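**Student:** One file: work.txt (compact mmCIF, C-alpha atoms).
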# COMPACT_ATOMS: atom_id res chain seq x y z
CA MET C 20 -7.16 6.59 18.13
CA ALA C 21 -9.25 7.90 15.22
CA PHE C 22 -8.60 7.76 11.48
CA LYS C 23 -7.54 11.42 11.60
CA ASP C 24 -4.69 10.40 13.93
CA LEU C 25 -3.39 7.78 11.50
CA SER C 26 -1.32 8.44 8.39
CA ALA C 27 -3.71 10.31 6.12
CA THR C 28 -1.37 9.77 3.17
CA GLN C 29 -1.98 6.04 3.08
CA GLN C 30 -4.09 5.29 0.05
CA SER C 31 -5.72 2.28 1.71
CA LEU C 32 -6.99 4.41 4.58
CA GLN C 33 -8.45 6.86 2.09
CA LEU C 34 -10.17 4.01 0.23
CA LEU C 35 -11.60 2.66 3.48
CA GLN C 36 -13.00 6.05 4.49
CA ARG C 37 -14.38 6.59 0.97
CA SER C 38 -16.27 3.29 1.30
CA LEU C 39 -17.71 4.50 4.59
CA GLU C 40 -18.69 7.82 3.03
CA ARG C 41 -20.50 6.09 0.16
CA GLY C 42 -22.17 3.48 2.37
CA ARG C 43 -20.39 0.71 0.48
CA LEU C 44 -18.47 -0.99 3.24
CA ALA C 45 -17.56 -4.59 2.39
CA HIS C 46 -18.74 -7.43 4.62
CA GLY C 47 -15.25 -8.90 4.82
CA TYR C 48 -11.80 -7.28 4.69
CA LEU C 49 -8.28 -8.64 4.52
CA PHE C 50 -5.86 -6.08 5.94
CA SER C 51 -2.18 -6.80 5.25
CA GLY C 52 0.86 -4.86 6.38
CA ASN C 53 4.23 -4.95 8.10
CA GLU C 54 2.99 -4.98 11.72
CA LEU C 55 0.04 -6.71 13.34
CA GLU C 56 -0.07 -4.00 15.99
CA SER C 57 -0.69 -1.31 13.35
CA LEU C 58 -3.30 -3.46 11.61
CA GLU C 59 -5.08 -4.03 14.94
CA THR C 60 -5.19 -0.27 15.48
CA ILE C 61 -6.83 0.25 12.09
CA ALA C 62 -9.35 -2.55 12.71
CA ARG C 63 -10.18 -1.14 16.14
CA THR C 64 -10.62 2.35 14.65
CA LEU C 65 -12.98 0.95 12.03
CA ALA C 66 -15.02 -0.74 14.79
CA LYS C 67 -15.16 2.56 16.69
CA THR C 68 -16.31 4.44 13.60
CA LEU C 69 -19.10 1.95 12.92
CA ASN C 70 -20.38 2.10 16.49
CA CYS C 71 -19.44 5.63 17.56
CA GLN C 72 -22.18 7.61 19.30
CA GLU C 73 -20.91 10.95 17.98
CA PRO C 74 -19.08 10.15 14.73
CA VAL C 75 -17.60 12.51 12.17
CA ARG C 76 -19.99 12.43 9.22
CA LYS C 77 -19.86 13.07 5.48
CA ASN C 78 -23.00 12.90 3.37
CA GLY C 79 -24.78 11.89 6.55
CA LEU C 80 -22.62 8.76 7.04
CA ALA C 81 -19.95 8.09 9.66
CA VAL C 82 -16.40 8.33 8.29
CA ASP C 83 -14.47 8.62 11.56
CA CYS C 84 -14.98 8.16 15.29
CA CYS C 85 -14.96 10.77 18.01
CA ASP C 86 -12.66 8.55 20.13
CA ARG C 87 -14.31 9.99 23.25
CA CYS C 88 -17.79 8.49 23.63
CA LEU C 89 -18.58 5.45 25.78
CA ALA C 90 -18.62 3.07 22.81
CA CYS C 91 -15.21 4.27 21.57
CA GLN C 92 -13.72 4.00 25.03
CA ARG C 93 -15.07 0.49 25.58
CA ILE C 94 -13.65 -0.66 22.25
CA GLU C 95 -10.30 0.91 23.13
CA ARG C 96 -10.33 -0.91 26.49
CA TRP C 97 -11.16 -4.28 24.87
CA ASN C 98 -14.49 -4.71 26.68
CA HIS C 99 -17.13 -3.87 24.08
CA PRO C 100 -19.61 -6.76 23.73
CA ASP C 101 -20.03 -6.28 19.97
CA LEU C 102 -16.32 -6.45 19.10
CA HIS C 103 -14.85 -9.95 19.01
CA TRP C 104 -11.17 -10.90 18.63
CA VAL C 105 -9.75 -14.25 17.50
CA ARG C 106 -6.03 -14.97 17.86
CA PRO C 107 -3.84 -18.05 17.40
CA GLU C 108 -3.70 -20.36 20.39
CA SER C 109 -0.50 -20.52 22.41
CA LYS C 110 0.68 -24.12 22.10
CA SER C 111 0.16 -24.74 18.41
CA ARG C 112 0.07 -21.08 17.33
CA ILE C 113 -2.89 -21.84 15.06
CA ILE C 114 -6.48 -20.65 14.89
CA THR C 115 -8.51 -23.75 15.65
CA VAL C 116 -11.81 -25.04 14.31
CA ALA C 117 -13.28 -24.61 17.80
CA GLN C 118 -12.35 -20.92 17.81
CA MET C 119 -13.95 -20.38 14.42
CA ARG C 120 -17.12 -22.20 15.39
CA GLU C 121 -17.43 -20.06 18.51
CA LEU C 122 -16.93 -16.94 16.40
CA MET C 123 -19.60 -18.07 13.95
CA ARG C 124 -21.97 -18.64 16.86
CA VAL C 125 -21.54 -15.18 18.38
CA ILE C 126 -21.53 -13.36 15.04
CA GLN C 127 -24.97 -14.77 14.27
CA LEU C 128 -26.41 -13.12 17.37
CA LYS C 129 -27.87 -9.63 17.20
CA PRO C 130 -25.66 -6.77 18.42
CA ASN C 131 -25.91 -6.22 22.16
CA GLU C 132 -25.80 -2.45 22.28
CA SER C 133 -24.49 -1.07 18.99
CA ARG C 134 -25.49 -1.14 15.36
CA PHE C 135 -22.65 -3.37 14.11
CA LYS C 136 -20.97 -6.52 15.30
CA VAL C 137 -17.30 -6.54 14.30
CA ALA C 138 -15.08 -9.63 14.36
CA VAL C 139 -11.31 -9.30 13.98
CA ILE C 140 -9.19 -12.36 13.18
CA VAL C 141 -5.55 -11.65 13.98
CA ALA C 142 -2.86 -13.49 11.97
CA VAL C 143 -5.37 -15.18 9.69
CA ASP C 144 -2.43 -16.87 7.95
CA ARG C 145 -2.44 -19.18 10.99
CA LEU C 146 -5.93 -20.41 10.13
CA ARG C 147 -5.74 -24.06 9.07
CA PRO C 148 -7.76 -25.44 6.11
CA GLU C 149 -10.28 -27.24 8.33
CA GLY C 150 -10.99 -24.04 10.25
CA ALA C 151 -11.22 -22.06 7.02
CA ASN C 152 -13.67 -24.52 5.49
CA ALA C 153 -15.95 -24.20 8.51
CA PHE C 154 -15.79 -20.40 8.19
CA LEU C 155 -16.28 -19.95 4.43
CA LYS C 156 -20.08 -19.82 4.44
CA THR C 157 -20.13 -17.16 7.16
CA LEU C 158 -17.43 -15.15 5.40
CA GLU C 159 -19.31 -15.29 2.10
CA GLU C 160 -22.74 -14.45 3.59
CA PRO C 161 -22.29 -12.87 7.03
CA PRO C 162 -25.31 -11.70 9.04
CA ALA C 163 -26.65 -8.22 8.41
CA ASP C 164 -24.89 -5.39 10.26
CA SER C 165 -21.71 -7.38 10.78
CA VAL C 166 -18.18 -6.80 9.47
CA LEU C 167 -15.37 -9.34 9.45
CA VAL C 168 -11.80 -8.01 9.44
CA LEU C 169 -8.90 -10.40 8.82
CA LEU C 170 -5.33 -9.30 9.59
CA THR C 171 -2.02 -10.68 8.33
CA THR C 172 1.60 -9.75 7.85
CA GLU C 173 2.05 -12.70 5.47
CA PRO C 174 -0.72 -12.43 2.86
CA GLN C 175 0.99 -15.01 0.65
CA ARG C 176 0.24 -17.65 3.30
CA VAL C 177 -3.48 -16.91 3.57
CA LEU C 178 -5.63 -19.59 1.97
CA GLU C 179 -6.92 -18.58 -1.46
CA THR C 180 -10.46 -19.57 -0.49
CA ILE C 181 -10.29 -16.89 2.21
CA VAL C 182 -8.61 -14.23 0.04
CA SER C 183 -11.17 -14.59 -2.75
CA ARG C 184 -14.03 -13.74 -0.39
CA CYS C 185 -12.50 -10.55 1.04
CA SER C 186 -11.83 -7.02 -0.07
CA ARG C 187 -8.06 -6.58 0.23
CA LEU C 188 -6.35 -3.48 1.60
CA SER C 189 -2.59 -3.27 1.98
CA PHE C 190 -1.17 -0.96 4.64
CA GLY C 191 2.46 -1.66 3.85
CA ASN C 192 4.64 -1.41 0.76
CA GLY C 193 6.10 -4.89 1.17
CA SER C 194 9.68 -3.62 1.43
CA PRO C 195 11.80 -3.77 4.59
CA ARG C 196 11.12 -0.94 6.97
CA PRO C 197 13.84 1.70 7.31
CA LEU C 198 16.16 0.84 10.20
CA ASP C 199 16.15 3.06 13.25
CA ALA C 200 19.39 4.24 14.88
CA ALA C 201 19.58 1.28 17.28
CA GLN C 202 19.04 -1.25 14.48
CA ARG C 203 21.68 0.37 12.29
CA GLU C 204 24.12 0.40 15.19
CA TRP C 205 23.52 -3.30 15.81
CA LEU C 206 23.97 -4.17 12.12
CA GLY C 207 27.18 -2.10 12.06
CA ASP C 208 28.53 -4.00 15.07
CA PHE C 209 27.52 -7.35 13.58
CA SER C 210 29.11 -6.61 10.19
CA GLU C 211 32.33 -5.35 11.82
CA LEU C 212 32.55 -8.55 13.85
CA ALA C 213 31.88 -10.64 10.75
CA SER C 214 34.61 -8.82 8.81
CA GLN C 215 37.37 -9.64 11.29
CA GLU C 216 39.81 -12.16 9.90
CA ARG C 217 39.22 -14.94 12.41
CA LYS C 218 38.92 -18.43 11.00
CA SER C 219 38.35 -20.16 14.34
CA LEU C 220 35.02 -21.39 15.61
CA MET C 221 35.30 -18.82 18.37
CA GLY C 222 34.70 -16.04 15.86
CA ARG C 223 31.50 -17.66 14.61
CA TYR C 224 30.23 -18.23 18.14
CA CYS C 225 30.87 -14.56 18.90
CA LEU C 226 28.59 -13.76 15.94
CA LEU C 227 26.00 -16.22 17.23
CA ASP C 228 26.14 -14.63 20.69
CA THR C 229 25.63 -11.17 19.18
CA LEU C 230 22.58 -12.40 17.28
CA LEU C 231 21.10 -14.29 20.25
CA ARG C 232 21.49 -11.30 22.57
CA ARG C 233 19.70 -9.10 20.03
CA LEU C 234 16.87 -11.63 19.74
CA ALA C 235 16.57 -11.87 23.54
CA ALA C 236 16.26 -8.09 23.76
CA LEU C 237 13.58 -8.14 21.07
CA ARG C 238 11.56 -10.78 22.92
CA THR C 239 11.75 -8.82 26.17
CA SER C 240 10.60 -5.65 24.43
CA ILE C 241 7.71 -7.48 22.75
CA GLU C 242 6.60 -9.10 26.02
CA GLU C 243 6.57 -5.75 27.80
CA SER C 244 4.71 -3.97 24.99
CA LEU C 245 2.01 -6.60 24.42
CA SER C 246 1.52 -7.30 28.12
CA ALA C 247 0.90 -3.60 28.73
CA ARG C 248 -1.81 -3.56 26.04
CA SER C 249 -3.44 -6.83 27.09
CA PRO C 250 -6.88 -6.70 28.74
CA LEU C 251 -5.29 -8.82 31.48
CA GLN C 252 -3.72 -5.65 32.85
CA GLN C 253 -7.01 -3.75 32.89
CA HIS C 254 -9.53 -6.39 33.95
CA GLN C 255 -7.83 -8.63 36.48
CA ASP C 256 -11.17 -9.19 38.21
CA ALA C 257 -12.77 -10.78 35.14
CA GLU C 258 -14.11 -14.34 35.13
CA LYS C 259 -11.47 -17.08 35.25
CA ASN C 260 -12.32 -18.58 31.85
CA LEU C 261 -11.96 -15.14 30.28
CA LEU C 262 -8.66 -14.52 32.06
CA ASP C 263 -7.38 -17.91 30.88
CA ARG C 264 -8.34 -17.12 27.29
CA TRP C 265 -6.66 -13.72 27.45
CA GLU C 266 -3.55 -15.37 28.90
CA GLU C 267 -3.44 -17.86 26.02
CA GLU C 268 -4.00 -15.11 23.47
CA LEU C 269 -1.24 -12.99 25.01
CA THR C 270 1.22 -15.89 24.94
CA ALA C 271 0.35 -16.61 21.31
CA SER C 272 0.59 -12.95 20.36
CA ILE C 273 4.03 -12.63 21.93
CA GLU C 274 5.28 -15.71 20.11
CA ALA C 275 3.83 -14.60 16.76
CA GLU C 276 5.21 -11.08 17.10
CA TYR C 277 8.62 -12.38 18.17
CA ARG C 278 8.77 -14.68 15.17
CA ARG C 279 7.88 -11.80 12.88
CA HIS C 280 10.61 -9.60 14.38
CA ARG C 281 13.10 -12.47 14.18
CA ALA C 282 12.30 -12.98 10.50
CA GLU C 283 12.67 -9.24 9.98
CA LEU C 284 16.08 -9.21 11.68
CA LEU C 285 17.30 -12.11 9.57
CA GLY C 286 15.88 -10.28 6.57
CA VAL C 287 18.15 -7.33 7.42
CA LEU C 288 21.12 -9.71 7.52
CA HIS C 289 19.98 -11.09 4.17
CA TRP C 290 20.03 -7.58 2.67
CA TRP C 291 23.52 -7.00 4.08
CA LEU C 292 24.77 -10.28 2.61
CA ARG C 293 23.20 -9.19 -0.69
CA ASP C 294 25.42 -6.09 -0.47
CA VAL C 295 28.40 -8.38 0.07
CA TRP C 296 27.42 -10.37 -3.02
CA LEU C 297 27.11 -7.20 -5.11
CA ARG C 298 30.54 -6.11 -3.95
CA THR C 299 32.08 -9.48 -4.88
CA LEU C 300 30.91 -9.01 -8.44
CA ARG C 301 33.39 -6.15 -8.76
CA GLN C 302 36.20 -8.69 -8.45
CA LYS C 303 35.44 -9.91 -11.96
CA PRO C 304 37.55 -8.32 -14.71
CA ASN C 305 35.91 -5.15 -15.87
CA ILE C 306 36.73 -1.70 -17.12
CA SER C 307 38.10 -0.62 -13.71
CA ASP C 308 40.82 -3.31 -13.95
CA ARG C 309 42.29 -1.87 -17.16
CA ALA C 310 44.38 1.19 -17.80
CA THR C 311 41.83 3.84 -18.49
CA SER C 312 41.93 6.96 -20.54
CA PRO C 313 40.36 10.26 -19.48
CA ALA C 314 37.41 9.36 -21.68
CA ASP C 315 36.73 6.32 -19.49
CA LYS C 316 36.39 8.31 -16.26
CA PRO C 317 32.74 9.37 -16.80
CA LEU C 318 31.83 5.73 -17.44
CA LEU C 319 33.61 4.64 -14.26
CA ALA C 320 31.76 7.29 -12.27
CA ILE C 321 28.42 6.09 -13.66
CA ALA C 322 29.27 2.46 -12.81
CA ALA C 323 30.29 3.38 -9.26
CA GLY C 324 27.11 5.41 -8.79
CA LEU C 325 24.98 2.53 -10.11
CA GLU C 326 26.55 0.09 -7.66
CA ALA C 327 26.02 2.50 -4.75
CA SER C 328 22.35 2.88 -5.67
CA LEU C 329 21.88 -0.90 -5.48
CA LEU C 330 23.40 -1.26 -2.02
CA SER C 331 21.10 -1.32 0.98
CA PHE C 332 23.80 -0.22 3.43
CA PRO C 333 26.48 1.61 1.40
CA GLU C 334 27.89 3.23 4.55
CA LEU C 335 29.12 -0.08 6.03
CA ALA C 336 32.85 -0.45 5.34
CA ALA C 337 32.82 -4.03 6.62
CA THR C 338 30.85 -5.08 3.55
CA GLY C 339 33.84 -4.50 1.27
CA ARG C 340 36.25 -6.30 3.59
CA VAL C 341 34.10 -9.43 3.60
CA ALA C 342 33.63 -9.21 -0.19
CA GLN C 343 37.40 -9.17 -0.72
CA ARG C 344 37.76 -12.53 1.01
CA ILE C 345 35.07 -14.56 -0.73
CA SER C 346 34.02 -15.32 -4.30
CA PRO C 347 30.72 -14.35 -5.95
CA ILE C 348 29.65 -18.00 -5.79
CA GLU C 349 30.32 -18.14 -2.05
CA ALA C 350 28.49 -14.85 -1.56
CA LEU C 351 25.50 -16.22 -3.45
CA GLU C 352 25.57 -19.36 -1.29
CA ASN C 353 25.32 -17.10 1.77
CA LEU C 354 21.98 -15.78 0.49
CA GLN C 355 20.75 -19.33 -0.05
CA ILE C 356 21.85 -20.27 3.50
CA LEU C 357 19.82 -17.37 4.95
CA ASP C 358 16.80 -18.45 2.89
CA GLN C 359 17.16 -22.00 4.23
CA LEU C 360 17.51 -20.68 7.78
CA GLN C 361 14.26 -18.74 7.47
CA ARG C 362 12.51 -21.89 6.25
CA TRP C 363 13.86 -23.91 9.18
CA LEU C 364 12.70 -21.31 11.68
CA GLY C 365 9.27 -21.25 10.04
CA GLY C 366 8.80 -24.77 11.40
CA ASN C 367 9.22 -26.09 14.91
CA VAL C 368 13.00 -26.47 14.99
CA GLN C 369 15.06 -25.45 18.01
CA GLU C 370 15.93 -21.81 17.43
CA ALA C 371 19.46 -21.74 18.86
CA LEU C 372 20.48 -24.89 17.00
CA ALA C 373 19.13 -23.62 13.67
CA LEU C 374 20.92 -20.28 14.09
CA GLU C 375 24.15 -22.03 15.07
CA VAL C 376 24.10 -24.28 12.01
CA GLY C 377 23.22 -21.37 9.73
CA LEU C 378 26.00 -19.06 10.98
CA LEU C 379 28.60 -21.85 10.86
CA LYS C 380 27.78 -22.42 7.18
CA LEU C 381 28.24 -18.79 6.11
CA HIS C 382 31.28 -17.87 4.00
CA LEU C 383 32.88 -14.94 5.77
Can you turn what I pasted into structure tokens?

**Tutor:**
Amino acid sequence: MAFKDLSATQQSLQLLQRSLERGRLAHGYLFSGNELESLETIARTLAKTLNCQEPVRKNGLAVDCCDRCLACQRIERWNHPDLHWVRPESKSRIITVAQMRELMRVIQLKPNESRFKVAVIVAVDRLRPEGANAFLKTLEEPPADSVLVLLTTEPQRVLETIVSRCSRLSFGNGSPRPLDAAQREWLGDFSELASQERKSLMGRYCLLDTLLRRLAALRTSIEESLSARSPLQQHQDAEKNLLDRWEEELTASIEAEYRRHRAELLGVLHWWLRDVWLRTLRQKPNISDRATSPADKPLLAIAAGLEASLLSFPELAATGRVAQRISPIEALENLQILDQLQRWLGGNVQEALALEVGLLKLHL
């Protein structure tokens, strides 16, 4: 994929290509966005452009790749000797000191067959302080003709010592992505189930089962997608140590991507519970509770329109049914419970147990 195939309306892509056009490419970049897969595509396209044998040029400088030459194809197939990837390890899901030292060793070597060496660190928010400290000197003064690209979906967790040494480009607006049809259908089913007037534990465990089945489907989809893109599928005859490393990287990538999707799904539930909270606020005495004159009707229409504009999912009728049963304080506690659940899952707690405790605490 070339830059021309990506969203040309993204300002960050335009800035990146402008830097290429002016010959002012930074030595280190921090790319942030909503999906690691998209960020990896951009980093890979940058590596292609820097090493393309027949690039698109402006002012005599490469601003895009041809996506057809041998160098571009080798980068696309993960087997270019001058492109290096670092990913969190599988067991601890962190980027270790040993990984960073190996990267620093290879980045100091001259390019094998291209002009630039490119190193891409995926999920740099998983880089621990000791690994970062070992890397700072290289990041601040990398070898000539080398570019370091750091990727993250959680820029707030990246160490400040790393951030301060990189040029930052954001490829996401930071807001939740619009839900597709399948996601909206699932949220509709979940909210309808939550709105049923069942006070027994069975009702809560039905909710938990709905959530767990959705998460299981997400994990399966992620495993299939990342496994298909892994170099393991294309180079099964590679050396054993390389196959083992790819296997570890794939396992870590699946876990990291699953956790991101899980956090995103719980974020959707958080936005729905925010809608519930907004609806509960209407239970407080206000102008709509009083006998109104014709002069009040325009004001009521404005108030109703304002509330609708604040809702994330105004089409869900279940939101109002839940709001009628609980108080604003209880609705606000629901938001705090979801926040706590996200924090628990950010650690090493047992997923099913954390979700069970969280759903049992919700006021519905």

**Student:** Figure out the distance between atom CA of Phe154 of chain C and atom CA of Gln33 of chain C, please, to one decimal in Å.

**Tutor:**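 Separation of atom CA of Gln33 of chain C and atom CA of Phe154 of chain C: 28.9 Å.
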
**Student:** Please list as an mmCIF file with C-alpha atoms, in the coordinates of the input every residue within 10 Å of segment 158-164 of chain C, counting all atoms listed in the file and excluding residues in the same chain fewer than 5 positions away.

**Tutor:**
data_model
loop_
_atom_site.group_PDB
_atom_site.id
_atom_site.type_symbol
_atom_site.label_atom_id
_atom_site.label_comp_id
_atom_site.auth_asym_id
_atom_site.auth_seq_id
_atom_site.Cartn_x
_atom_site.Cartn_y
_atom_site.Cartn_z
ATOM 1 C CA HIS C 46 -18.740 -7.430 4.620
ATOM 2 C CA GLY C 47 -15.250 -8.900 4.820
ATOM 3 C CA TYR C 48 -11.800 -7.280 4.690
ATOM 4 C CA LEU C 69 -19.100 1.950 12.920
ATOM 5 C CA MET C 123 -19.600 -18.070 13.950
ATOM 6 C CA ILE C 126 -21.530 -13.360 15.040
ATOM 7 C CA GLN C 127 -24.970 -14.770 14.270
ATOM 8 C CA LEU C 128 -26.410 -13.120 17.370
ATOM 9 C CA LYS C 129 -27.870 -9.630 17.200
ATOM 10 C CA PRO C 130 -25.660 -6.770 18.420
ATOM 11 C CA SER C 133 -24.490 -1.070 18.990
ATOM 12 C CA ARG C 134 -25.490 -1.140 15.360
ATOM 13 C CA PHE C 135 -22.650 -3.370 14.110
ATOM 14 C CA LYS C 136 -20.970 -6.520 15.300
ATOM 15 C CA VAL C 137 -17.300 -6.540 14.300
ATOM 16 C CA ALA C 151 -11.220 -22.060 7.020
ATOM 17 C CA ALA C 153 -15.950 -24.200 8.510
ATOM 18 C CA ILE C 181 -10.290 -16.890 2.210
ATOM 19 C CA SER C 183 -11.170 -14.590 -2.750
ATOM 20 C CA ARG C 184 -14.030 -13.740 -0.390
ATOM 21 C CA CYS C 185 -12.500 -10.550 1.040
#

**Student:** With distances taken over only C-alpha atoms, which residue among C:Leu170, C:Glu54, C:Gly79, C:Asp101 lies nearest Lys67 of chain C?

**Tutor:**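 For Lys67 of chain C, the nearest of the candidates is C:Asp101.
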
**Student:** Using Å and a single decimal, report how far atom CA of Gln30 of chain C sits from atom CA of Leu188 of chain C.

**Tutor:**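 Value for the atom CA of Leu188 of chain C-atom CA of Gln30 of chain C distance: 9.2 Å.
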
**Student:** Just checking: using all atoms listed in the file, which residue out of C:Arg340, C:Leu383, C:Val75, C:Ile114 ends up closest to Glu352 of chain C?

**Tutor:** C:Leu383

**Student:** Looking at C:Ala337, C:Leu269, C:Leu58, C:Leu237, which one is nearest to Leu206 of chain C, with distances taken over only C-alpha atoms?

**Tutor:**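 Result for the nearest residue to Leu206 of chain C: C:Ala337.
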
**Student:** Find, counting only C-alpha atoms, the residue in C:Val368, C:Asn260, C:Ser51, C:Thr270 that gets nearest to Val182 of chain C.

**Tutor:**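 Closest residue, counting only C-alpha atoms: C:Ser51.
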
**Student:** What's around Ala142 of chain C at 12 Å? Count only C-alpha atoms, leave out sequence neighbours fewer than 5 positions away in its own chain, and write the answer as number ranges by chain.

**Tutor:** C: 49-56, 58-59, 104-108, 112-114, 147, 168-174, 176-177, 268, 271-272, 274-276, 279

**Student:** Record the distance separating atom CA of Ala45 of chain C and atom CA of Ser186 of chain C, expressed in Å with one decimal.

**Tutor:**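 Between atom CA of Ala45 of chain C and atom CA of Ser186 of chain C the gap works out to 6.7 Å.
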
**Student:** Using only C-alpha atoms, pick whichever of C:Ile140, C:Ile94, C:Val125, C:Leu357 has the shortest atom-to-atom distance to Ala282 of chain C.

**Tutor:**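 Checking each of C:Ile140, C:Ile94, C:Val125, C:Leu357 against Ala282 of chain C, counting only C-alpha atoms, the winner is C:Leu357.
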
**Student:** As JSON, numbers by chain, please: the residues near Leu285 of chain C (cut-off 12 Å, all atoms listed in the file, same-chain neighbours under 6 positions excluded).

**Tutor:** {"C": [195, 206, 209, 230, 231, 233, 234, 278, 279, 291, 292, 354, 356, 357, 358, 359, 360, 361, 362, 364, 374, 377, 378]}

**Student:** Keeping only C-alpha atoms, write the selected residues to a file as a short mmCIF file (atom, residue, chain, number, x, y, z; two decimals), in the coordinates of the input.

**Tutor:**
data_model
loop_
_atom_site.label_atom_id
_atom_site.label_comp_id
_atom_site.auth_asym_id
_atom_site.auth_seq_id
_atom_site.Cartn_x
_atom_site.Cartn_y
_atom_site.Cartn_z
CA PRO C 195 11.80 -3.77 4.59
CA LEU C 206 23.97 -4.17 12.12
CA PHE C 209 27.52 -7.35 13.58
CA LEU C 230 22.58 -12.40 17.28
CA LEU C 231 21.10 -14.29 20.25
CA ARG C 233 19.70 -9.10 20.03
CA LEU C 234 16.87 -11.63 19.74
CA ARG C 278 8.77 -14.68 15.17
CA ARG C 279 7.88 -11.80 12.88
CA TRP C 291 23.52 -7.00 4.08
CA LEU C 292 24.77 -10.28 2.61
CA LEU C 354 21.98 -15.78 0.49
CA ILE C 356 21.85 -20.27 3.50
CA LEU C 357 19.82 -17.37 4.95
CA ASP C 358 16.80 -18.45 2.89
CA GLN C 359 17.16 -22.00 4.23
CA LEU C 360 17.51 -20.68 7.78
CA GLN C 361 14.26 -18.74 7.47
CA ARG C 362 12.51 -21.89 6.25
CA LEU C 364 12.70 -21.31 11.68
CA LEU C 374 20.92 -20.28 14.09
CA GLY C 377 23.22 -21.37 9.73
CA LEU C 378 26.00 -19.06 10.98
#

**Student:** Identify which of the residues C:Thr68, C:Ser214, C:Ser57, C:Asn98 lies closest to Phe190 of chain C, counting only C-alpha atoms when measuring atom-to-atom distances.

**Tutor:**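 Ranked by minimum distance to Phe190 of chain C, first place goes to C:Ser57.
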
**Student:** What residues have an atom no more than 12 Å from (-13.6, 6.3, 25.2) in the file's own frame, counting all atoms listed in the file, and can you write them as an MDAnalysis selection string?

**Tutor:** chainID C and resid 20:21 64 67 70:73 84:99

**Student:** As a list of chain:residue names, please: the residues near Arg223 of chain C (cut-off 8 Å, all atoms listed in the file, same-chain neighbours under 4 positions excluded).

**Tutor:** C:Ser219, C:Leu227, C:Leu378, C:Leu379

**Student:** Supply segment 333-346 of chain C as a PDB file, in the coordinates of the input, with N, CA and C atoms built in where the input has gaps.

**Tutor:**
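As a result, out_8.pdb now contains:
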ATOM      1  N   PRO C 333      25.197   1.199   2.009  1.00  0.00           N
ATOM      2  CA  PRO C 333      26.480   1.610   1.400  1.00  0.00           C
ATOM      3  C   PRO C 333      27.472   2.184   2.404  1.00  0.00           C
ATOM      4  N   GLU C 334      26.996   2.592   3.582  1.00  0.00           N
ATOM      5  CA  GLU C 334      27.890   3.230   4.550  1.00  0.00           C
ATOM      6  C   GLU C 334      28.718   2.229   5.343  1.00  0.00           C
ATOM      7  N   LEU C 335      28.422   0.922   5.238  1.00  0.00           N
ATOM      8  CA  LEU C 335      29.120  -0.080   6.030  1.00  0.00           C
ATOM      9  C   LEU C 335      30.417  -0.508   5.351  1.00  0.00           C
ATOM     10  N   ALA C 336      31.554  -0.107   5.923  1.00  0.00           N
ATOM     11  CA  ALA C 336      32.850  -0.450   5.340  1.00  0.00           C
ATOM     12  C   ALA C 336      33.146  -1.941   5.443  1.00  0.00           C
ATOM     13  N   ALA C 337      32.557  -2.598   6.435  1.00  0.00           N
ATOM     14  CA  ALA C 337      32.820  -4.030   6.620  1.00  0.00           C
ATOM     15  C   ALA C 337      32.352  -4.848   5.428  1.00  0.00           C
ATOM     16  N   THR C 338      31.374  -4.357   4.706  1.00  0.00           N
ATOM     17  CA  THR C 338      30.850  -5.080   3.550  1.00  0.00           C
ATOM     18  C   THR C 338      31.968  -5.353   2.542  1.00  0.00           C
ATOM     19  N   GLY C 339      32.757  -4.341   2.235  1.00  0.00           N
ATOM     20  CA  GLY C 339      33.840  -4.500   1.270  1.00  0.00           C
ATOM     21  C   GLY C 339      34.915  -5.439   1.763  1.00  0.00           C
ATOM     22  N   ARG C 340      35.205  -5.419   3.066  1.00  0.00           N
ATOM     23  CA  ARG C 340      36.250  -6.300   3.590  1.00  0.00           C
ATOM     24  C   ARG C 340      35.842  -7.767   3.484  1.00  0.00           C
ATOM     25  N   VAL C 341      34.571  -8.061   3.762  1.00  0.00           N
ATOM     26  CA  VAL C 341      34.100  -9.430   3.600  1.00  0.00           C
ATOM     27  C   VAL C 341      34.114  -9.824   2.127  1.00  0.00           C
ATOM     28  N   ALA C 342      33.698  -8.915   1.254  1.00  0.00           N
ATOM     29  CA  ALA C 342      33.630  -9.210  -0.190  1.00  0.00           C
ATOM     30  C   ALA C 342      35.004  -9.511  -0.770  1.00  0.00           C
ATOM     31  N   GLN C 343      36.052  -8.925  -0.212  1.00  0.00           N
ATOM     32  CA  GLN C 343      37.400  -9.170  -0.720  1.00  0.00           C
ATOM     33  C   GLN C 343      37.887 -10.573  -0.419  1.00  0.00           C
ATOM     34  N   ARG C 344      37.282 -11.220   0.573  1.00  0.00           N
ATOM     35  CA  ARG C 344      37.760 -12.530   1.010  1.00  0.00           C
ATOM     36  C   ARG C 344      37.037 -13.697   0.361  1.00  0.00           C
ATOM     37  N   ILE C 345      35.859 -13.451  -0.204  1.00  0.00           N
ATOM     38  CA  ILE C 345      35.070 -14.560  -0.730  1.00  0.00           C
ATOM     39  C   ILE C 345      34.757 -14.331  -2.204  1.00  0.00           C
ATOM     40  N   SER C 346      34.345 -15.391  -2.870  1.00  0.00           N
ATOM     41  CA  SER C 346      34.020 -15.320  -4.300  1.00  0.00           C
ATOM     42  C   SER C 346      32.541 -14.998  -4.486  1.00  0.00           C
TER      43      SER C 346
END
